[in-house]
$ cat protein08.tsv   # TSV, N, CA and C atoms
chain	number	residue	atom	x	y	z
I	1	MET	N	-0.39	-14.85	4.65
I	1	MET	CA	-1.34	-13.77	4.47
I	1	MET	C	-2.77	-14.29	4.43
I	2	ASN	N	-3.06	-15.23	5.26
I	2	ASN	CA	-4.42	-15.71	5.42
I	2	ASN	C	-5.00	-16.30	4.14
I	3	GLY	N	-4.26	-17.17	3.48
I	3	GLY	CA	-4.78	-17.85	2.31
I	3	GLY	C	-4.57	-17.11	1.00
I	4	PHE	N	-3.96	-15.93	1.05
I	4	PHE	CA	-3.74	-15.18	-0.16
I	4	PHE	C	-2.25	-15.00	-0.41
I	5	LEU	N	-1.89	-14.97	-1.67
I	5	LEU	CA	-0.52	-14.72	-2.08
I	5	LEU	C	-0.45	-13.31	-2.65
I	6	SER	N	0.68	-12.70	-2.53
I	6	SER	CA	0.83	-11.36	-3.05
I	6	SER	C	2.00	-11.35	-4.02
I	7	ALA	N	1.82	-10.79	-5.18
I	7	ALA	CA	2.89	-10.69	-6.18
I	7	ALA	C	3.17	-9.23	-6.45
I	8	VAL	N	4.43	-8.87	-6.47
I	8	VAL	CA	4.82	-7.49	-6.73
I	8	VAL	C	5.44	-7.42	-8.12
I	9	SER	N	4.89	-6.55	-8.96
I	9	SER	CA	5.39	-6.41	-10.32
I	9	SER	C	5.50	-4.93	-10.65
I	10	TYR	N	6.70	-4.42	-10.81
I	10	TYR	CA	6.96	-3.03	-11.16
I	10	TYR	C	6.27	-2.06	-10.23
I	11	GLY	N	6.30	-2.34	-8.95
I	11	GLY	CA	5.73	-1.42	-7.98
I	11	GLY	C	4.25	-1.62	-7.72
I	12	ASP	N	3.58	-2.40	-8.56
I	12	ASP	CA	2.15	-2.66	-8.35
I	12	ASP	C	2.00	-3.94	-7.55
I	13	THR	N	1.02	-4.00	-6.69
I	13	THR	CA	0.74	-5.20	-5.92
I	13	THR	C	-0.51	-5.86	-6.47
I	14	ILE	N	-0.39	-7.11	-6.86
I	14	ILE	CA	-1.52	-7.88	-7.37
I	14	ILE	C	-1.78	-9.00	-6.38
I	15	THR	N	-2.98	-9.09	-5.89
I	15	THR	CA	-3.34	-10.13	-4.94
I	15	THR	C	-3.89	-11.32	-5.72
I	16	VAL	N	-3.31	-12.47	-5.50
I	16	VAL	CA	-3.74	-13.70	-6.17
I	16	VAL	C	-4.31	-14.62	-5.10
I	17	ALA	N	-5.56	-14.98	-5.24
I	17	ALA	CA	-6.22	-15.85	-4.26
I	17	ALA	C	-5.80	-17.29	-4.50
I	18	ALA	N	-5.61	-18.02	-3.43
I	18	ALA	CA	-5.30	-19.44	-3.52
I	18	ALA	C	-6.59	-20.22	-3.72
I	19	ALA	N	-6.46	-21.50	-4.03
I	19	ALA	CA	-7.63	-22.36	-4.15
I	19	ALA	C	-8.37	-22.38	-2.80
I	20	PRO	N	-9.69	-22.44	-2.83
I	20	PRO	CA	-10.43	-22.39	-1.56
I	20	PRO	C	-10.07	-23.57	-0.65
I	21	ARG	N	-10.01	-23.31	0.61
I	21	ARG	CA	-9.73	-24.34	1.61
I	21	ARG	C	-11.06	-24.87	2.11
I	22	ILE	N	-11.35	-26.13	1.82
I	22	ILE	CA	-12.67	-26.67	2.14
I	22	ILE	C	-12.65	-27.68	3.28
I	23	VAL	N	-11.49	-28.21	3.64
I	23	VAL	CA	-11.45	-29.30	4.61
I	23	VAL	C	-11.90	-28.82	5.98
I	24	LYS	N	-11.40	-27.68	6.43
I	24	LYS	CA	-11.76	-27.18	7.76
I	24	LYS	C	-13.24	-26.84	7.83
I	25	SER	N	-13.78	-26.24	6.79
I	25	SER	CA	-15.20	-25.89	6.82
I	25	SER	C	-16.08	-27.14	6.78
I	26	VAL	N	-15.65	-28.19	6.08
I	26	VAL	CA	-16.41	-29.44	6.07
I	26	VAL	C	-16.41	-30.06	7.47
I	27	ARG	N	-15.22	-30.09	8.08
I	27	ARG	CA	-15.14	-30.66	9.44
I	27	ARG	C	-15.98	-29.86	10.43
I	28	ASP	N	-15.90	-28.53	10.35
I	28	ASP	CA	-16.67	-27.69	11.27
I	28	ASP	C	-18.17	-27.88	11.07
I	29	GLY	N	-18.60	-27.98	9.82
I	29	GLY	CA	-20.02	-28.19	9.54
I	29	GLY	C	-20.53	-29.53	10.06
I	30	VAL	N	-19.72	-30.57	9.88
I	30	VAL	CA	-20.13	-31.89	10.36
I	30	VAL	C	-20.14	-31.92	11.89
I	31	GLU	N	-19.16	-31.27	12.52
I	31	GLU	CA	-19.16	-31.19	13.99
I	31	GLU	C	-20.39	-30.46	14.50
I	32	LYS	N	-20.77	-29.38	13.83
I	32	LYS	CA	-21.95	-28.62	14.25
I	32	LYS	C	-23.21	-29.47	14.08
I	33	PHE	N	-23.32	-30.18	12.96
I	33	PHE	CA	-24.47	-31.06	12.73
I	33	PHE	C	-24.53	-32.17	13.77
I	34	ALA	N	-23.37	-32.76	14.09
I	34	ALA	CA	-23.33	-33.81	15.11
I	34	ALA	C	-23.73	-33.25	16.47
I	35	GLY	N	-23.37	-32.01	16.73
I	35	GLY	CA	-23.79	-31.38	17.99
I	35	GLY	C	-25.30	-31.24	18.07
I	36	TYR	N	-25.95	-30.90	16.96
I	36	TYR	CA	-27.41	-30.82	16.95
I	36	TYR	C	-28.04	-32.18	17.21
I	37	ILE	N	-27.47	-33.21	16.60
I	37	ILE	CA	-28.03	-34.56	16.75
I	37	ILE	C	-27.87	-35.05	18.18
I	38	THR	N	-26.68	-34.88	18.75
I	38	THR	CA	-26.43	-35.41	20.09
I	38	THR	C	-26.95	-34.50	21.19
I	39	GLY	N	-27.52	-33.38	20.83
I	39	GLY	CA	-28.11	-32.50	21.83
I	39	GLY	C	-29.34	-33.10	22.47
I	40	ASN	N	-30.03	-33.98	21.76
I	40	ASN	CA	-31.21	-34.65	22.28
I	40	ASN	C	-30.77	-35.97	22.92
I	41	ALA	N	-30.99	-36.13	24.21
I	41	ALA	CA	-30.52	-37.31	24.94
I	41	ALA	C	-31.15	-38.60	24.43
I	42	ASN	N	-32.46	-38.56	24.10
I	42	ASN	CA	-33.12	-39.77	23.61
I	42	ASN	C	-32.58	-40.19	22.24
I	43	LEU	N	-32.35	-39.22	21.37
I	43	LEU	CA	-31.79	-39.53	20.06
I	43	LEU	C	-30.36	-40.04	20.18
I	44	LYS	N	-29.61	-39.47	21.10
I	44	LYS	CA	-28.23	-39.93	21.33
I	44	LYS	C	-28.22	-41.38	21.79
I	45	LEU	N	-29.11	-41.74	22.72
I	45	LEU	CA	-29.20	-43.11	23.20
I	45	LEU	C	-29.63	-44.06	22.07
I	46	ALA	N	-30.59	-43.63	21.25
I	46	ALA	CA	-31.03	-44.47	20.14
I	46	ALA	C	-29.89	-44.69	19.14
I	47	LEU	N	-29.09	-43.66	18.88
I	47	LEU	CA	-27.95	-43.81	17.97
I	47	LEU	C	-26.90	-44.74	18.55
I	48	LEU	N	-26.67	-44.65	19.86
I	48	LEU	CA	-25.72	-45.56	20.50
I	48	LEU	C	-26.15	-47.02	20.37
I	49	VAL	N	-27.42	-47.27	20.64
I	49	VAL	CA	-27.94	-48.64	20.55
I	49	VAL	C	-27.91	-49.14	19.11
I	50	LEU	N	-28.34	-48.30	18.17
I	50	LEU	CA	-28.34	-48.70	16.76
I	50	LEU	C	-26.92	-48.95	16.26
I	51	GLY	N	-25.99	-48.08	16.59
I	51	GLY	CA	-24.60	-48.27	16.19
I	51	GLY	C	-24.00	-49.54	16.77
I	52	GLY	N	-24.29	-49.81	18.04
I	52	GLY	CA	-23.80	-51.03	18.67
I	52	GLY	C	-24.37	-52.28	18.03
I	53	CYS	N	-25.65	-52.25	17.69
I	53	CYS	CA	-26.28	-53.40	17.03
I	53	CYS	C	-25.67	-53.64	15.65
I	54	ILE	N	-25.43	-52.57	14.90
I	54	ILE	CA	-24.84	-52.71	13.57
I	54	ILE	C	-23.46	-53.33	13.66
I	55	ILE	N	-22.64	-52.84	14.59
I	55	ILE	CA	-21.29	-53.38	14.75
I	55	ILE	C	-21.34	-54.84	15.19
I	56	PHE	N	-22.23	-55.15	16.12
I	56	PHE	CA	-22.36	-56.53	16.62
I	56	PHE	C	-22.73	-57.49	15.49
I	57	VAL	N	-23.71	-57.11	14.66
I	57	VAL	CA	-24.15	-57.97	13.56
I	57	VAL	C	-23.03	-58.16	12.54
I	58	CYS	N	-22.34	-57.07	12.20
I	58	CYS	CA	-21.28	-57.17	11.18
I	58	CYS	C	-20.11	-58.01	11.67
I	59	ILE	N	-19.73	-57.84	12.91
I	59	ILE	CA	-18.65	-58.67	13.45
I	59	ILE	C	-19.10	-60.13	13.50
I	60	GLY	N	-20.36	-60.37	13.83
I	60	GLY	CA	-20.89	-61.73	13.81
I	60	GLY	C	-20.84	-62.34	12.42
I	61	LEU	N	-21.16	-61.56	11.40
I	61	LEU	CA	-21.08	-62.07	10.03
I	61	LEU	C	-19.64	-62.39	9.63
I	62	LEU	N	-18.71	-61.53	10.02
I	62	LEU	CA	-17.31	-61.79	9.70
I	62	LEU	C	-16.77	-63.01	10.45
I	63	VAL	N	-17.21	-63.19	11.69
I	63	VAL	CA	-16.80	-64.38	12.45
I	63	VAL	C	-17.39	-65.64	11.82
I	64	ALA	N	-18.67	-65.58	11.41
I	64	ALA	CA	-19.29	-66.75	10.76
I	64	ALA	C	-18.57	-67.09	9.47
I	65	ARG	N	-18.13	-66.09	8.75
I	65	ARG	CA	-17.39	-66.34	7.50
I	65	ARG	C	-16.07	-67.05	7.77
I	66	LYS	N	-15.41	-66.67	8.86
I	66	LYS	CA	-14.09	-67.21	9.14
I	66	LYS	C	-14.15	-68.60	9.80
I	67	TRP	N	-14.96	-68.74	10.86
I	67	TRP	CA	-14.91	-69.97	11.65
I	67	TRP	C	-16.00	-70.97	11.34
I	68	TRP	N	-17.08	-70.56	10.70
I	68	TRP	CA	-18.14	-71.49	10.33
I	68	TRP	C	-18.49	-71.30	8.85
I	69	PRO	N	-17.56	-71.61	7.97
I	69	PRO	CA	-17.80	-71.37	6.54
I	69	PRO	C	-18.81	-72.31	5.91
I	70	ASN	N	-19.20	-73.39	6.59
I	70	ASN	CA	-20.14	-74.35	6.01
I	70	ASN	C	-21.59	-74.05	6.35
I	71	THR	N	-21.83	-73.08	7.21
I	71	THR	CA	-23.20	-72.69	7.52
I	71	THR	C	-23.75	-71.86	6.37
I	72	PRO	N	-25.08	-71.72	6.27
I	72	PRO	CA	-25.63	-70.90	5.17
I	72	PRO	C	-25.11	-69.46	5.18
I	73	ILE	N	-24.98	-68.86	6.34
I	73	ILE	CA	-24.45	-67.49	6.41
I	73	ILE	C	-22.98	-67.47	6.02
I	74	GLY	N	-22.22	-68.45	6.49
I	74	GLY	CA	-20.80	-68.53	6.13
I	74	GLY	C	-20.61	-68.72	4.64
I	75	ARG	N	-21.44	-69.57	4.03
I	75	ARG	CA	-21.34	-69.77	2.58
I	75	ARG	C	-21.72	-68.50	1.83
I	76	SER	N	-22.73	-67.82	2.33
I	76	SER	CA	-23.15	-66.58	1.68
I	76	SER	C	-22.05	-65.52	1.75
I	77	MET	N	-21.35	-65.47	2.88
I	77	MET	CA	-20.27	-64.49	3.03
I	77	MET	C	-19.03	-64.89	2.24
I	78	GLN	N	-18.92	-66.16	1.83
I	78	GLN	CA	-17.75	-66.64	1.09
I	78	GLN	C	-17.88	-66.41	-0.41
I	79	ASP	N	-18.99	-65.86	-0.88
I	79	ASP	CA	-19.19	-65.66	-2.32
I	79	ASP	C	-18.04	-64.88	-2.93
I	80	GLN	N	-17.81	-65.11	-4.19
I	80	GLN	CA	-16.69	-64.47	-4.90
I	80	GLN	C	-16.91	-62.96	-4.99
I	81	GLY	N	-15.81	-62.24	-5.07
I	81	GLY	CA	-15.87	-60.80	-5.27
I	81	GLY	C	-15.56	-60.00	-4.02
I	82	GLY	N	-15.89	-60.52	-2.87
I	82	GLY	CA	-15.58	-59.83	-1.62
I	82	GLY	C	-16.42	-58.59	-1.35
I	83	GLY	N	-17.48	-58.37	-2.11
I	83	GLY	CA	-18.30	-57.19	-1.90
I	83	GLY	C	-19.00	-57.18	-0.55
I	84	LYS	N	-19.36	-58.35	-0.06
I	84	LYS	CA	-20.06	-58.41	1.22
I	84	LYS	C	-19.14	-58.02	2.37
I	85	ILE	N	-17.88	-58.34	2.26
I	85	ILE	CA	-16.93	-57.98	3.31
I	85	ILE	C	-16.73	-56.47	3.33
I	86	LEU	N	-16.65	-55.86	2.15
I	86	LEU	CA	-16.52	-54.40	2.09
I	86	LEU	C	-17.74	-53.72	2.68
I	87	TRP	N	-18.93	-54.28	2.41
I	87	TRP	CA	-20.15	-53.72	2.99
I	87	TRP	C	-20.14	-53.88	4.51
I	88	CYS	N	-19.59	-54.98	5.01
I	88	CYS	CA	-19.49	-55.16	6.46
I	88	CYS	C	-18.59	-54.10	7.08
I	89	PHE	N	-17.45	-53.86	6.44
I	89	PHE	CA	-16.54	-52.83	6.97
I	89	PHE	C	-17.17	-51.44	6.88
I	90	ALA	N	-17.90	-51.17	5.80
I	90	ALA	CA	-18.59	-49.88	5.68
I	90	ALA	C	-19.66	-49.74	6.76
I	91	ALA	N	-20.36	-50.82	7.06
I	91	ALA	CA	-21.38	-50.78	8.11
I	91	ALA	C	-20.75	-50.62	9.48
I	92	ILE	N	-19.57	-51.20	9.70
I	92	ILE	CA	-18.88	-51.01	10.98
I	92	ILE	C	-18.49	-49.55	11.14
I	93	ILE	N	-18.03	-48.91	10.06
I	93	ILE	CA	-17.71	-47.49	10.13
I	93	ILE	C	-18.97	-46.68	10.41
I	94	LEU	N	-20.09	-47.05	9.78
I	94	LEU	CA	-21.35	-46.38	10.06
I	94	LEU	C	-21.73	-46.54	11.53
I	95	GLY	N	-21.54	-47.74	12.07
I	95	GLY	CA	-21.83	-47.95	13.49
I	95	GLY	C	-20.96	-47.08	14.38
I	96	LEU	N	-19.69	-46.93	14.03
I	96	LEU	CA	-18.81	-46.04	14.80
I	96	LEU	C	-19.26	-44.60	14.72
I	97	VAL	N	-19.71	-44.18	13.54
I	97	VAL	CA	-20.21	-42.81	13.38
I	97	VAL	C	-21.45	-42.61	14.23
I	98	LEU	N	-22.32	-43.62	14.29
I	98	LEU	CA	-23.53	-43.49	15.11
I	98	LEU	C	-23.22	-43.48	16.60
I	99	ILE	N	-22.19	-44.20	17.01
I	99	ILE	CA	-21.84	-44.24	18.42
I	99	ILE	C	-21.17	-42.94	18.86
I	100	ALA	N	-20.24	-42.43	18.06
I	100	ALA	CA	-19.52	-41.20	18.42
I	100	ALA	C	-19.54	-40.22	17.25
I	101	PRO	N	-20.69	-39.61	16.98
I	101	PRO	CA	-20.78	-38.75	15.79
I	101	PRO	C	-19.90	-37.51	15.86
I	102	GLY	N	-19.69	-36.96	17.03
I	102	GLY	CA	-18.88	-35.75	17.15
I	102	GLY	C	-17.40	-35.99	16.93
I	103	THR	N	-16.95	-37.23	17.09
I	103	THR	CA	-15.54	-37.56	16.94
I	103	THR	C	-15.25	-38.21	15.59
I	104	VAL	N	-16.03	-39.20	15.21
I	104	VAL	CA	-15.73	-39.99	14.03
I	104	VAL	C	-16.26	-39.33	12.75
I	105	ALA	N	-17.43	-38.74	12.80
I	105	ALA	CA	-18.05	-38.18	11.58
I	105	ALA	C	-17.20	-37.08	10.94
I	106	PRO	N	-16.63	-36.13	11.69
I	106	PRO	CA	-15.79	-35.13	11.02
I	106	PRO	C	-14.56	-35.73	10.35
I	107	PHE	N	-13.97	-36.75	10.97
I	107	PHE	CA	-12.82	-37.42	10.38
I	107	PHE	C	-13.21	-38.11	9.08
I	108	VAL	N	-14.34	-38.83	9.10
I	108	VAL	CA	-14.79	-39.56	7.91
I	108	VAL	C	-15.18	-38.57	6.81
I	109	ALA	N	-15.81	-37.46	7.18
I	109	ALA	CA	-16.20	-36.47	6.17
I	109	ALA	C	-15.00	-35.73	5.59
I	110	ALA	N	-13.92	-35.64	6.36
I	110	ALA	CA	-12.74	-34.92	5.88
I	110	ALA	C	-11.97	-35.71	4.83
I	111	ILE	N	-12.11	-37.02	4.79
I	111	ILE	CA	-11.36	-37.84	3.83
I	111	ILE	C	-11.70	-37.46	2.38
I	112	PRO	N	-12.99	-37.44	1.97
I	112	PRO	CA	-13.26	-36.99	0.60
I	112	PRO	C	-12.98	-35.50	0.41
I	113	ALA	N	-13.08	-34.71	1.48
I	113	ALA	CA	-12.77	-33.28	1.36
I	113	ALA	C	-11.29	-33.08	1.05
I	114	TYR	N	-10.42	-33.90	1.66
I	114	TYR	CA	-9.00	-33.82	1.33
I	114	TYR	C	-8.76	-34.15	-0.14
I	115	ALA	N	-9.43	-35.18	-0.64
I	115	ALA	CA	-9.27	-35.56	-2.04
I	115	ALA	C	-9.75	-34.44	-2.96
I	116	LEU	N	-10.89	-33.84	-2.64
I	116	LEU	CA	-11.39	-32.72	-3.44
I	116	LEU	C	-10.46	-31.51	-3.35
I	117	GLN	N	-9.87	-31.28	-2.18
I	117	GLN	CA	-8.93	-30.17	-2.02
I	117	GLN	C	-7.69	-30.38	-2.90
I	118	ILE	N	-7.22	-31.60	-3.00
I	118	ILE	CA	-6.07	-31.89	-3.87
I	118	ILE	C	-6.43	-31.60	-5.33
I	119	VAL	N	-7.64	-32.01	-5.74
I	119	VAL	CA	-8.08	-31.75	-7.11
I	119	VAL	C	-8.17	-30.25	-7.36
I	120	LEU	N	-8.73	-29.49	-6.40
I	120	LEU	CA	-8.82	-28.04	-6.55
I	120	LEU	C	-7.45	-27.39	-6.64
I	121	ASP	N	-6.51	-27.86	-5.82
I	121	ASP	CA	-5.16	-27.30	-5.87
I	121	ASP	C	-4.47	-27.59	-7.20
I	122	VAL	N	-4.65	-28.79	-7.73
I	122	VAL	CA	-4.04	-29.14	-9.02
I	122	VAL	C	-4.67	-28.30	-10.14
I	123	LEU	N	-6.01	-28.19	-10.14
I	123	LEU	CA	-6.67	-27.38	-11.16
I	123	LEU	C	-6.25	-25.92	-11.06
I	124	ASP	N	-6.06	-25.44	-9.84
I	124	ASP	CA	-5.61	-24.07	-9.65
I	124	ASP	C	-4.21	-23.86	-10.24
I	125	LYS	N	-3.33	-24.81	-10.03
I	125	LYS	CA	-1.96	-24.70	-10.56
I	125	LYS	C	-1.93	-24.81	-12.08
I	126	ILE	N	-2.79	-25.66	-12.64
I	126	ILE	CA	-2.79	-25.86	-14.08
I	126	ILE	C	-3.47	-24.70	-14.81
I	127	PHE	N	-4.67	-24.36	-14.38
I	127	PHE	CA	-5.46	-23.39	-15.12
I	127	PHE	C	-5.48	-21.99	-14.52
I	128	GLY	N	-5.02	-21.86	-13.28
I	128	GLY	CA	-5.02	-20.53	-12.65
I	128	GLY	C	-6.42	-20.00	-12.41
I	129	PHE	N	-7.33	-20.87	-11.96
I	129	PHE	CA	-8.71	-20.45	-11.73
I	129	PHE	C	-8.84	-19.35	-10.69
I	130	SER	N	-7.99	-19.35	-9.69
I	130	SER	CA	-8.20	-18.46	-8.56
I	130	SER	C	-7.49	-17.12	-8.71
I	131	THR	N	-6.98	-16.79	-9.87
I	131	THR	CA	-6.29	-15.53	-10.06
I	131	THR	C	-7.30	-14.39	-10.02
I	132	ALA	N	-7.06	-13.46	-9.14
I	132	ALA	CA	-7.93	-12.29	-9.03
I	132	ALA	C	-7.08	-11.04	-9.04
I	133	ALA	N	-7.53	-10.02	-9.73
I	133	ALA	CA	-6.75	-8.79	-9.81
I	133	ALA	C	-7.23	-7.80	-8.80

$ encode --input "protein08.tsv" --output "C-alpha cells"
Amino acid sequence: MNGFLSAVSYGDTITVAAAPRIVKSVRDGVEKFAGYITGNANLKLALLVLGGCIIFVCIGLLVARKWWPNTPIGRSMQDQGGGKILWCFAAIILGLVLIAPGTVAPFVAAIPAYALQIVLDVLDKIFGFSTAA
C-alpha cells in the first residue's frame, strides 16, 4: 500500500504510517546534484583531472609504503596506527567520486542513508513513532 500499513479493528480502518524511506530520496538527490555538476563540460574535465591526480598520488604513497619502506615517504607511511592508510583509501574513494560523480556518489551517499534507515526502522518498532490515526 505504498509505504503504509492498514489495520482493521472492529470494522474501523486505522492507517499506520511506516518509518520514512530515505535511501531512495538521498540517492535521487545526489544523482540530481551530480547532474548539475557534470552539466558543465569544463567543470567535468577539471573533476576528471583532479580525481585522477588524487588517485595517482594515493596509489603512489601506498606503493612507496610497500616497496620502498626506507625512504622518508615510506617511513612516514609506516607510522603506527594505520591512519594514513585509511586516509589514502578515503582519498581514492573521493577520486572515484570526482571521476564518475553520477555513478559513484549516489552509491557512497546511500551507505550512511541505509544505516540511518535501519535506526529509524528500529526506533519505529520500539517506540511506534510513525503511528498515525

$ axis_aligned_box --input "protein08.tsv" --around "stretch 74-92 of chain I" --padding-each-side "8 Å" --output "lines of an AutoDock Vina configuration file"
center_x = -19.4
center_y = -59.7
center_z = 2.9
size_x = 23.6
size_y = 36.2
size_z = 32.4

$ residues_around --input "protein08.tsv" --residues "I:Ala105" --least-positions-apart "5" --cutoff "7 Å" --atoms "all atoms listed in the file" --output "mmCIF file with N, CA and C atoms, in the coordinates of the input"
data_model
loop_
_atom_site.group_PDB
_atom_site.id
_atom_site.type_symbol
_atom_site.label_atom_id
_atom_site.label_comp_id
_atom_site.auth_asym_id
_atom_site.auth_seq_id
_atom_site.Cartn_x
_atom_site.Cartn_y
_atom_site.Cartn_z
ATOM 1 N N ARG I 27 -15.220 -30.090 8.080
ATOM 2 C CA ARG I 27 -15.140 -30.660 9.440
ATOM 3 C C ARG I 27 -15.980 -29.860 10.430
ATOM 4 N N VAL I 30 -19.720 -30.570 9.880
ATOM 5 C CA VAL I 30 -20.130 -31.890 10.360
ATOM 6 C C VAL I 30 -20.140 -31.920 11.890
ATOM 7 N N GLU I 31 -19.160 -31.270 12.520
ATOM 8 C CA GLU I 31 -19.160 -31.190 13.990
ATOM 9 C C GLU I 31 -20.390 -30.460 14.500
ATOM 10 N N LEU I 96 -19.690 -46.930 14.030
ATOM 11 C CA LEU I 96 -18.810 -46.040 14.800
ATOM 12 C C LEU I 96 -19.260 -44.600 14.720
ATOM 13 N N VAL I 97 -19.710 -44.180 13.540
ATOM 14 C CA VAL I 97 -20.210 -42.810 13.380
ATOM 15 C C VAL I 97 -21.450 -42.610 14.230
ATOM 16 N N ALA I 100 -20.240 -42.430 18.060
ATOM 17 C CA ALA I 100 -19.520 -41.200 18.420
ATOM 18 C C ALA I 100 -19.540 -40.220 17.250
ATOM 19 N N ALA I 110 -13.920 -35.640 6.360
ATOM 20 C CA ALA I 110 -12.740 -34.920 5.880
ATOM 21 C C ALA I 110 -11.970 -35.710 4.830
#

$ residues_around --input "protein08.tsv" --residues "I:Pro101" --least-positions-apart "4" --cutoff "10 Å" --atoms "only C-alpha atoms" --output "MDAnalysis selection string"
chainID I and resid 30:31 33:35 37:38 44 47:48 94:97 105:108

$ atom_distance --input "protein08.tsv" --atom1 "atom CA of I:Ile54" --atom2 "atom C of I:Ala113"
26.9 Å

$ atom_distance --input "protein08.tsv" --atom1 "atom CA of I:Leu62" --atom2 "atom C of I:Asn42"
29.3 Å

$ atom_distance --input "protein08.tsv" --atom1 "atom N of I:Trp68" --atom2 "atom C of I:Ile85"
15.9 Å

$ select_by_dssp --input "protein08.tsv" --residues "stretch 2-128 of chain I" --states "alpha helix (DSSP H)" --output "PyMOL selection string"
chain I and resi 23-38+41-67+72-77+83-99+101-127

$ closest_residue --input "protein08.tsv" --among "I:Asn40, I:Val49, I:Ser76, I:Ile59" --to "I:Cys88" --atoms "all atoms listed in the file"
I:Ile59

$ residues_around --input "protein08.tsv" --residues "I:Gln117" --least-positions-apart "2" --cutoff "7 Å" --atoms "all atoms listed in the file" --output "compact mmCIF listing (two decimals) with N, CA and C atoms, in the frame of the given file"
# COMPACT_ATOMS: atom_id res chain seq x y z
N PRO I 20 -9.69 -22.44 -2.83
CA PRO I 20 -10.43 -22.39 -1.56
C PRO I 20 -10.07 -23.57 -0.65
N ARG I 21 -10.01 -23.31 0.61
CA ARG I 21 -9.73 -24.34 1.61
C ARG I 21 -11.06 -24.87 2.11
N ILE I 22 -11.35 -26.13 1.82
CA ILE I 22 -12.67 -26.67 2.14
C ILE I 22 -12.65 -27.68 3.28
N VAL I 23 -11.49 -28.21 3.64
CA VAL I 23 -11.45 -29.30 4.61
C VAL I 23 -11.90 -28.82 5.98
N PRO I 112 -12.99 -37.44 1.97
CA PRO I 112 -13.26 -36.99 0.60
C PRO I 112 -12.98 -35.50 0.41
N ALA I 113 -13.08 -34.71 1.48
CA ALA I 113 -12.77 -33.28 1.36
C ALA I 113 -11.29 -33.08 1.05
N TYR I 114 -10.42 -33.90 1.66
CA TYR I 114 -9.00 -33.82 1.33
C TYR I 114 -8.76 -34.15 -0.14
N ALA I 115 -9.43 -35.18 -0.64
CA ALA I 115 -9.27 -35.56 -2.04
C ALA I 115 -9.75 -34.44 -2.96
N VAL I 119 -7.64 -32.01 -5.74
CA VAL I 119 -8.08 -31.75 -7.11
C VAL I 119 -8.17 -30.25 -7.36
N LEU I 120 -8.73 -29.49 -6.40
CA LEU I 120 -8.82 -28.04 -6.55
C LEU I 120 -7.45 -27.39 -6.64
N ASP I 121 -6.51 -27.86 -5.82
CA ASP I 121 -5.16 -27.30 -5.87
C ASP I 121 -4.47 -27.59 -7.20
N VAL I 122 -4.65 -28.79 -7.73
CA VAL I 122 -4.04 -29.14 -9.02
C VAL I 122 -4.67 -28.30 -10.14

$ decode --input "protein08.tsv" --residues "stretch 37-47 of chain I" --atoms "N, CA, C and O atoms" --output "PDB file, in the first residue's frame"
ATOM      1  N   ILE I  37      26.468  19.270 -11.651  1.00  0.00           N
ATOM      2  CA  ILE I  37      27.920  19.462 -11.690  1.00  0.00           C
ATOM      3  C   ILE I  37      28.488  19.048 -13.043  1.00  0.00           C
ATOM      4  O   ILE I  37      29.306  19.750 -13.627  1.00  0.00           O
ATOM      5  N   THR I  38      28.072  17.894 -13.545  1.00  0.00           N
ATOM      6  CA  THR I  38      28.641  17.393 -14.799  1.00  0.00           C
ATOM      7  C   THR I  38      27.996  18.013 -16.023  1.00  0.00           C
ATOM      8  O   THR I  38      28.398  17.702 -17.145  1.00  0.00           O
ATOM      9  N   GLY I  39      27.022  18.875 -15.828  1.00  0.00           N
ATOM     10  CA  GLY I  39      26.417  19.571 -16.959  1.00  0.00           C
ATOM     11  C   GLY I  39      27.376  20.549 -17.612  1.00  0.00           C
ATOM     12  O   GLY I  39      27.277  20.840 -18.802  1.00  0.00           O
ATOM     13  N   ASN I  40      28.326  21.065 -16.862  1.00  0.00           N
ATOM     14  CA  ASN I  40      29.326  21.990 -17.378  1.00  0.00           C
ATOM     15  C   ASN I  40      30.533  21.173 -17.836  1.00  0.00           C
ATOM     16  O   ASN I  40      31.170  20.490 -17.040  1.00  0.00           O
ATOM     17  N   ALA I  41      30.867  21.231 -19.117  1.00  0.00           N
ATOM     18  CA  ALA I  41      31.951  20.412 -19.677  1.00  0.00           C
ATOM     19  C   ALA I  41      33.306  20.755 -19.067  1.00  0.00           C
ATOM     20  O   ALA I  41      34.118  19.866 -18.820  1.00  0.00           O
ATOM     21  N   ASN I  42      33.565  22.055 -18.835  1.00  0.00           N
ATOM     22  CA  ASN I  42      34.857  22.442 -18.256  1.00  0.00           C
ATOM     23  C   ASN I  42      34.998  21.949 -16.822  1.00  0.00           C
ATOM     24  O   ASN I  42      36.063  21.479 -16.416  1.00  0.00           O
ATOM     25  N   LEU I  43      33.934  22.042 -16.048  1.00  0.00           N
ATOM     26  CA  LEU I  43      33.964  21.555 -14.679  1.00  0.00           C
ATOM     27  C   LEU I  43      34.107  20.040 -14.644  1.00  0.00           C
ATOM     28  O   LEU I  43      34.847  19.501 -13.815  1.00  0.00           O
ATOM     29  N   LYS I  44      33.444  19.367 -15.566  1.00  0.00           N
ATOM     30  CA  LYS I  44      33.557  17.907 -15.644  1.00  0.00           C
ATOM     31  C   LYS I  44      34.995  17.489 -15.942  1.00  0.00           C
ATOM     32  O   LYS I  44      35.531  16.567 -15.320  1.00  0.00           O
ATOM     33  N   LEU I  45      35.651  18.175 -16.883  1.00  0.00           N
ATOM     34  CA  LEU I  45      37.044  17.879 -17.214  1.00  0.00           C
ATOM     35  C   LEU I  45      37.961  18.161 -16.020  1.00  0.00           C
ATOM     36  O   LEU I  45      38.855  17.370 -15.718  1.00  0.00           O
ATOM     37  N   ALA I  46      37.712  19.274 -15.321  1.00  0.00           N
ATOM     38  CA  ALA I  46      38.532  19.598 -14.149  1.00  0.00           C
ATOM     39  C   ALA I  46      38.366  18.538 -13.058  1.00  0.00           C
ATOM     40  O   ALA I  46      39.344  18.149 -12.407  1.00  0.00           O
ATOM     41  N   LEU I  47      37.150  18.042 -12.861  1.00  0.00           N
ATOM     42  CA  LEU I  47      36.917  16.997 -11.868  1.00  0.00           C
ATOM     43  C   LEU I  47      37.596  15.693 -12.264  1.00  0.00           C
ATOM     44  O   LEU I  47      38.146  14.989 -11.411  1.00  0.00           O
TER      45      LEU I  47
END
